[in-house]
Amino acid sequence: MSNLVKFSGNAPRVANLAEVLRSVKTDAAPLGMAIIKMDKTGHWVVGADQTEVEKGSKWAVNPWSFVHGFIAWGQGEVLAEKMYPLDVKLDSIDLGPPPAGAQRGWEDQLGMAVACIDGSDEGLNARFSTTSVGGKRAMASLMNEVANQEDKDPTNIVAVVELNSEYYSHKVYGRVYTPVFKIIDWVSIDYNGVDEAKAESASTGRRRRS
C-alpha cells in the first residue's frame, strides 16, 4: 500500500484544518460521487445498487473534504441539500422554509469524501454523509483525530480507516447500528486524481451482496 493517496475532485480548503475540525459539534463532499453508507443491519454498502463493501478493505479519508450543512428528505428521496466548508458558520445561513413534502424539515448533516485504496473497490471515490446522532458522533471523533494528527505530523493527515459498525439496544427499535471508523494508518495526500482505468476496473469488479 502506497503512503501517498490520490483523491478525485476538488475539495474545499480551509485556513486552519485542525482548528476548524475541532469546532464542529456532534449535533451539527462533492456531489456526483458514489454514495457510501451503513445500512440498518450494520453493513456498509456503496453505489446505487448498494453493493456491500468488502470486509477489511481500507478507505482513505480526504481531510479537506469535511463539510456540514442541511438536508431535506421526502419519501425516500433527497428534496434539497445545502452543504458548506467547515469554516462557514451554519447559524449565518438563511435556509428559508424546507421544500414542500419534506418529512422532517431541514436536518443537520455532516459529510466527507473517501477513496478505497485496498480491496475490491480500490480506486473508487465515494461520498459519506449522515444526519443520525451516532453517525455525527463517529464523524466528530474522526475529525478530532485528524486535527490531533495535523498537530503531530502535518505531512501525513490522511486517515486510512476500516469501515466497521457497533450497536446498542433500543427499547422500541431494537438493535440500532452506528458507524465506526477504525483508523489503521496515516498517509500523505495527492491531488492529481485517481487513474480512470483503475477506477473503472474497480467499479466493475466489485462483488455483490448475497
# chains A, B, ... in the order shown; residues from 1 in each chain; ligands from 1
>>> residues_around(residues="Leu90 (chain A)", least_positions_apart="6", cutoff="10 Å", atoms="only C-alpha atoms", output="VMD selection string")
chain A and resid 28 68 to 70 83 to 84 108
>>> residues_around(residues="Glu54 (chain A)", least_positions_apart="2", cutoff="7 Å", atoms="only C-alpha atoms", output="list of chain:residue names")
A:Glu52, A:Gly56, A:Ser57, A:Gly119, A:Ser120
>>> atom_distance(atom1="CA of Gly47 (chain A)", atom2="CA of Glu162 (chain A)")
17.9 Å
>>> residues_around(residues="Asn125 (chain A)", least_positions_apart="5", cutoff="8 Å", atoms="only C-alpha atoms", output="list in words")
Phe7, Ser8, Met33, Ala34, Ala113, Val114, Ala115 and Cys116 of chain A
>>> atom_distance(atom1="CA of Ile71 (chain A)", atom2="CA of Gln109 (chain A)")
6.6 Å
>>> residues_around(residues="Asn16 (chain A)", least_positions_apart="5", cutoff="12 Å", atoms="only C-alpha atoms", output="PyMOL selection string")
chain A and resi 21-23+63-64+85-87+147+150-151+154
>>> atom_distance(atom1="CA of His170 (chain A)", atom2="CA of Lys40 (chain A)")
13.3 Å
>>> closest_residue(among="A:Val67, A:Val88, A:Leu79, A:Val46", to="Gly111 (chain A)", atoms="only C-alpha atoms")
A:Val67
